[in-house]
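J.: Before I ask anything, let me first share the structure, which is written out below as structure tokens.
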Number of protein chains: 4
Amino acid sequence: MSDLSRIGVAIDSKLLEKFDDHIARRGYTNRSEAFRDLIRDALIEKTAQRPDSQVVGTLTLVYDHHVRMLSDRLTEMQHDHYNHVLSTLHVHLDHDNCLEVLILKGKAGMVQKLADALISTKGVKHGRLTITTSGAGL
Amino acid sequence: MSDLSRIGVAIDSKLLEKFDDHIARRGYTNRSEAFRDLIRDALIEKTAQRPDSQVVGTLTLVYDHHVRMLSDRLTEMQHDHYNHVLSTLHVHLDHDNCLEVLILKGKAGMVQKLADALISTKGVKHGRLTITTSGAGL
Amino acid sequence: MSDLSRIGVAIDSKLLEKFDDHIARRGYTNRSEAFRDLIRDALIEKTAQRPDSQVVGTLTLVYDHHVRMLSDRLTEMQHDHYNHVLSTLHVHLDHDNCLEVLILKGKAGMVQKLADALISTKGVKHGRLTITTSGAGL
Amino acid sequence: MSDLSRIGVAIDSKLLEKFDDHIARRGYTNRSEAFRDLIRDALIEKTAQRPDSQVVGTLTLVYDHHVRMLSDRLTEMQHDHYNHVLSTLHVHLDHDNCLEVLILKGKAGMVQKLADALISTKGVKHGRLTITTSGAGL
């Protein structure tokens, strides 16, 4: 890690108490580490809002593979953007249901649009996109 | 506002600079106020899931694999719960940064707890859990 | 690691020379480690030939997703054996071609049969099954 | 599919009988499809032997993650070649043993060398590389 700054932060005592409770339950042993994670989270959120910024996205899809042509359609949509789909992990949850996780990379606007198109495909039961970054500079 | 506590937080200088930039553009005139908002956000973001319901979760982690023993530690934590970690997809984003996506299955409380433990591990830059279900009954 | 036995092995000098050459090129710095790997390989090969032994298999498939209904068919075959397909990783190689890697677990006979059925599906260009074990006892 | 040639092949009757037996057991319903697969297999094998040809490889590794620093070392080796490791799928087989599947892309010589280095790392119990191609032109 590079050089550290030590700053002072004024926080309402009751709020601090709740926060310390919260981070203890989440397994942090160090309050500064928890603060650093909050800051990174906020920066990533900001990046995701500029449509031209480079992001990495994880898209989770749940669907019933028995829906006719659905696997074919999802595969085709991914191949049309194959240079933005790093890879796809497929888990067969039960006889009917699939969980598919796609790792997407590209401009935030494009990633969001591709995710929206996949989620809204008929037969997809649930979809959720998580935006993150490559981590460079954080 | 009620009584204030003044705490010290150690932050990587470059990260602090970016954060200050970020909050300036968002209109904060006061760094402590920005921190208080971050904390409230984290506290408000509570899972509505009942801890005993069966869920499937996708956990996205970004980390710098150069942090000593980090890969070892993350692997060990996953193996301690190997029957709840269906599989893990790892993409090498660049020379330094890893994106890891874990597919978790089990009771919501356990999945959340395992995710929290992994996200709060020192060296993990960003983590986000997406909860879904097996899709059965949807 | 458990206790080591030190054994003597008689080898034709020329054969040994070739072997040393071979393992040097493969990056081994230690001849015994190379021998242990050979032994494990042979044991796994043997295990794979008993149809009732528990194995883990990695099946690599290359196919053109444009072949009508092929994605649907492959997904369906996997779901019919969903408790034996741990997970599937899909990489979009180019606009046409997919690489799919399946991790299979079960009795050697069943794993081989499922792999054969997938490889022989019309439209699959190349398929290869690698049998290994859970590693327990090796 | 492109246009088909129909060729005659002379085969010893007994050999053909064994071959028909073999492909029936592997699930082929069509002898020509089985022949095409054999031809593709042979071409891929040949490609893999020219160190400068572009290939895709699937590397299967089994290891005990308890071996100190092993996860760290394997991750680091992969990042040193991150532009050749498309992605890595990790399955936690039991409390001790990991199965890791890497998808590699690049020149055959480089892919083979990276695979050899990973397989020969102390603590890796079993490793096997499967070479294939992107499928373009097959």
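Convention: chains lettered A, B, ... in structure tokens order; per-chain residue numbering from 1; ligands numbered from 1 as shown.
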Residues at most 10 Å from D:Met110, counting only C-alpha atoms, excluding those fewer than 3 positions away in the same chain, as a ChimeraX atom specification?

T.: /D:51-52,54-55,81,84,104-107,113-116

J.: With N, CA and C atoms retained, export the selected residues as a PDB file, in the first residue's frame.

T.:
ATOM      1  N   PRO D  51       4.487 -24.663 -32.582  1.00  0.00           N
ATOM      2  CA  PRO D  51       4.488 -23.749 -31.435  1.00  0.00           C
ATOM      3  C   PRO D  51       3.943 -22.357 -31.741  1.00  0.00           C
ATOM      4  N   ASP D  52       3.898 -21.955 -33.006  1.00  0.00           N
ATOM      5  CA  ASP D  52       3.442 -20.608 -33.335  1.00  0.00           C
ATOM      6  C   ASP D  52       1.957 -20.516 -33.689  1.00  0.00           C
ATOM      7  N   GLN D  54      -2.036 -20.430 -33.292  1.00  0.00           N
ATOM      8  CA  GLN D  54      -2.973 -19.935 -32.285  1.00  0.00           C
ATOM      9  C   GLN D  54      -3.866 -21.062 -31.790  1.00  0.00           C
ATOM     10  N   VAL D  55      -3.897 -21.271 -30.485  1.00  0.00           N
ATOM     11  CA  VAL D  55      -4.749 -22.320 -29.931  1.00  0.00           C
ATOM     12  C   VAL D  55      -5.530 -21.797 -28.726  1.00  0.00           C
ATOM     13  N   HIS D  81       0.565 -13.716 -16.871  1.00  0.00           N
ATOM     14  CA  HIS D  81       0.145 -13.992 -18.250  1.00  0.00           C
ATOM     15  C   HIS D  81      -1.326 -13.666 -18.414  1.00  0.00           C
ATOM     16  N   HIS D  84      -3.350 -13.966 -21.484  1.00  0.00           N
ATOM     17  CA  HIS D  84      -3.508 -15.296 -22.089  1.00  0.00           C
ATOM     18  C   HIS D  84      -4.434 -16.210 -21.292  1.00  0.00           C
ATOM     19  N   LEU D 104      -7.041 -20.974 -21.574  1.00  0.00           N
ATOM     20  CA  LEU D 104      -5.849 -20.271 -22.047  1.00  0.00           C
ATOM     21  C   LEU D 104      -5.986 -19.999 -23.534  1.00  0.00           C
ATOM     22  N   LYS D 105      -5.430 -18.889 -23.983  1.00  0.00           N
ATOM     23  CA  LYS D 105      -5.478 -18.558 -25.407  1.00  0.00           C
ATOM     24  C   LYS D 105      -4.155 -17.930 -25.810  1.00  0.00           C
ATOM     25  N   GLY D 106      -3.599 -18.382 -26.924  1.00  0.00           N
ATOM     26  CA  GLY D 106      -2.339 -17.806 -27.379  1.00  0.00           C
ATOM     27  C   GLY D 106      -1.610 -18.785 -28.275  1.00  0.00           C
ATOM     28  N   LYS D 107      -0.316 -18.530 -28.477  1.00  0.00           N
ATOM     29  CA  LYS D 107       0.480 -19.429 -29.300  1.00  0.00           C
ATOM     30  C   LYS D 107       0.680 -20.756 -28.557  1.00  0.00           C
ATOM     31  N   LYS D 113       3.856 -23.994 -22.333  1.00  0.00           N
ATOM     32  CA  LYS D 113       4.861 -23.628 -21.323  1.00  0.00           C
ATOM     33  C   LYS D 113       4.200 -23.151 -20.028  1.00  0.00           C
ATOM     34  N   LEU D 114       3.162 -22.335 -20.174  1.00  0.00           N
ATOM     35  CA  LEU D 114       2.455 -21.852 -18.982  1.00  0.00           C
ATOM     36  C   LEU D 114       1.781 -23.011 -18.251  1.00  0.00           C
ATOM     37  N   ALA D 115       1.182 -23.914 -19.031  1.00  0.00           N
ATOM     38  CA  ALA D 115       0.528 -25.085 -18.430  1.00  0.00           C
ATOM     39  C   ALA D 115       1.554 -25.937 -17.682  1.00  0.00           C
ATOM     40  N   ASP D 116       2.698 -26.170 -18.314  1.00  0.00           N
ATOM     41  CA  ASP D 116       3.751 -26.972 -17.680  1.00  0.00           C
ATOM     42  C   ASP D 116       4.191 -26.344 -16.360  1.00  0.00           C
TER      43      ASP D 116
END

J.: Write out as a compact mmCIF listing (two decimals) with C-alpha atoms, in the first residue's frame the residues lying within 9 Å of stretch 62-71 of chain A, counting only C-alpha atoms and excluding same-chain residues fewer than 3 positions away.

T.:
# COMPACT_ATOMS: atom_id res chain seq x y z
CA LEU A 74 -29.38 -15.63 -24.89
CA THR A 75 -26.29 -17.20 -26.48
CA GLU A 76 -26.83 -15.26 -29.68
CA ASP A 96 -35.74 -26.64 -14.73
CA ASN A 97 -33.82 -23.61 -13.55
CA CYS A 98 -30.49 -22.14 -14.60
CA LEU A 99 -28.37 -19.53 -12.92
CA GLU A 100 -26.12 -17.72 -15.35
CA VAL A 101 -23.51 -15.15 -14.38
CA THR A 121 -35.84 -11.31 -22.57
CA LYS A 122 -39.03 -13.32 -22.18
CA GLY A 123 -38.39 -16.36 -19.97
CA VAL A 124 -35.76 -14.71 -17.78
CA LYS A 125 -37.23 -14.80 -14.26
CA HIS A 126 -34.78 -12.59 -12.46
CA GLY A 127 -31.84 -10.43 -13.41
CA THR B 132 -31.69 -14.20 -5.87
CA THR B 133 -33.54 -17.49 -5.57
CA SER B 134 -33.40 -20.78 -7.37
CA GLY B 135 -36.30 -19.50 -9.43
CA MET C 69 -31.37 -25.32 -31.44
CA LEU C 70 -27.85 -26.48 -30.50
CA SER C 71 -27.57 -24.29 -27.37
CA ASP C 72 -31.04 -25.43 -26.35
CA ARG C 73 -30.17 -29.10 -26.90
CA THR C 75 -28.51 -27.09 -22.10
CA GLU C 76 -31.29 -29.65 -21.93
CA HIS C 79 -30.12 -30.37 -17.04

J.: Where does DSSP see alpha helix (DSSP H) in stretch 33-135 of chain D, if you list the residues as a CSV table (one decimal) with C-alpha atoms, in the first residue's frame?

T.:
chain,number,residue,atom,x,y,z
D,33,GLU,CA,-20.3,-37.3,-38.3
D,34,ALA,CA,-17.9,-39.6,-36.4
D,35,PHE,CA,-15.4,-39.4,-39.3
D,36,ARG,CA,-15.6,-35.7,-39.4
D,37,ASP,CA,-14.9,-35.5,-35.6
D,38,LEU,CA,-11.8,-37.8,-36.1
D,39,ILE,CA,-10.5,-35.5,-38.8
D,40,ARG,CA,-11.0,-32.4,-36.8
D,41,ASP,CA,-9.3,-34.1,-33.8
D,42,ALA,CA,-6.3,-34.9,-36.0
D,43,LEU,CA,-6.0,-31.4,-37.4
D,44,ILE,CA,-6.2,-29.9,-33.9
D,45,GLU,CA,-3.5,-32.3,-32.7
D,46,LYS,CA,-1.3,-31.2,-35.6
D,47,THR,CA,-2.0,-27.5,-34.9
D,48,ALA,CA,-1.0,-28.0,-31.3
D,49,GLN,CA,2.4,-29.3,-32.3
D,70,LEU,CA,0.0,-22.3,-3.2
D,71,SER,CA,-3.1,-20.3,-4.1
D,72,ASP,CA,-1.0,-17.1,-4.0
D,73,ARG,CA,1.6,-18.6,-6.2
D,74,LEU,CA,-0.9,-20.0,-8.8
D,75,THR,CA,-2.7,-16.7,-8.9
D,76,GLU,CA,0.5,-14.7,-9.4
D,77,MET,CA,1.6,-17.0,-12.3
D,78,GLN,CA,-1.7,-16.5,-14.0
D,79,HIS,CA,-1.6,-12.8,-13.6
D,80,ASP,CA,1.9,-12.6,-15.1
D,108,ALA,CA,0.7,-23.2,-28.7
D,109,GLY,CA,4.3,-23.0,-27.4
D,110,MET,CA,3.4,-20.3,-24.8
D,111,VAL,CA,0.2,-22.1,-23.7
D,112,GLN,CA,2.1,-25.4,-23.3
D,113,LYS,CA,4.9,-23.6,-21.3
D,114,LEU,CA,2.5,-21.9,-19.0
D,115,ALA,CA,0.5,-25.1,-18.4
D,116,ASP,CA,3.8,-27.0,-17.7
D,117,ALA,CA,4.8,-24.3,-15.2
D,118,LEU,CA,1.5,-24.5,-13.3
D,119,ILE,CA,1.3,-28.3,-13.4

J.: Within 9 Å of chain C, which residues of chain B come that close, and what is the closest atom pair and distance in Å for each? Count only C-alpha atoms and give it as a tab-separated table.

T.:
residue	atom	partner	partner_atom	distance
B:Leu86	CA	C:Leu86	CA	7.5
B:Ser87	CA	C:Ser87	CA	7.0
B:Leu89	CA	C:Leu89	CA	8.3

J.: Matching each Cα of chain A to its counterpart in chain C by order, what RMSD results from the least-squares fit?

T.: 0.3 Å

J.: List every residue of stretch 61-104 of chain B that DSSP, applied to the backbone of this structure, assigns to strand (DSSP E), and report them as a list in words.

T.: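 Taking stretch 61-104 of chain B and keeping strand (DSSP E) gives Leu61, Val62, Tyr63, Asp64, Val85, Leu86, Ser87, Thr88, Leu89, His90, Val91, His92, Asn97, Cys98, Leu99, Glu100, Val101, Leu102, Ile103 and Leu104 of chain B.
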
J.: For those residues, write C-alpha atoms to a file as a compact mmCIF listing (two decimals), in the first residue's frame.

T.:
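result.txt, freshly written:
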# COMPACT_ATOMS: atom_id res chain seq x y z
CA LEU B 61 -15.14 -9.34 -5.40
CA VAL B 62 -12.37 -7.14 -6.80
CA TYR B 63 -8.96 -7.42 -5.22
CA ASP B 64 -5.27 -6.97 -5.81
CA VAL B 85 -19.96 -22.28 -2.60
CA LEU B 86 -21.20 -23.83 -5.83
CA SER B 87 -18.36 -22.47 -7.88
CA THR B 88 -16.10 -19.50 -8.36
CA LEU B 89 -15.21 -17.74 -11.58
CA HIS B 90 -11.98 -15.79 -11.63
CA VAL B 91 -11.03 -13.26 -14.30
CA HIS B 92 -7.60 -11.67 -14.34
CA ASN B 97 -6.45 -6.87 -10.22
CA CYS B 98 -8.73 -9.89 -10.00
CA LEU B 99 -12.46 -10.12 -10.41
CA GLU B 100 -13.93 -13.09 -8.64
CA VAL B 101 -17.57 -14.13 -8.79
CA LEU B 102 -18.79 -16.73 -6.30
CA ILE B 103 -22.09 -18.54 -6.58
CA LEU B 104 -23.37 -19.17 -3.05

J.: As an exercise, work out the distance from atom CA of B:Asp94 to atom CA of B:Val56 in Å and give it to one decimal place.

T.: 28.7 Å
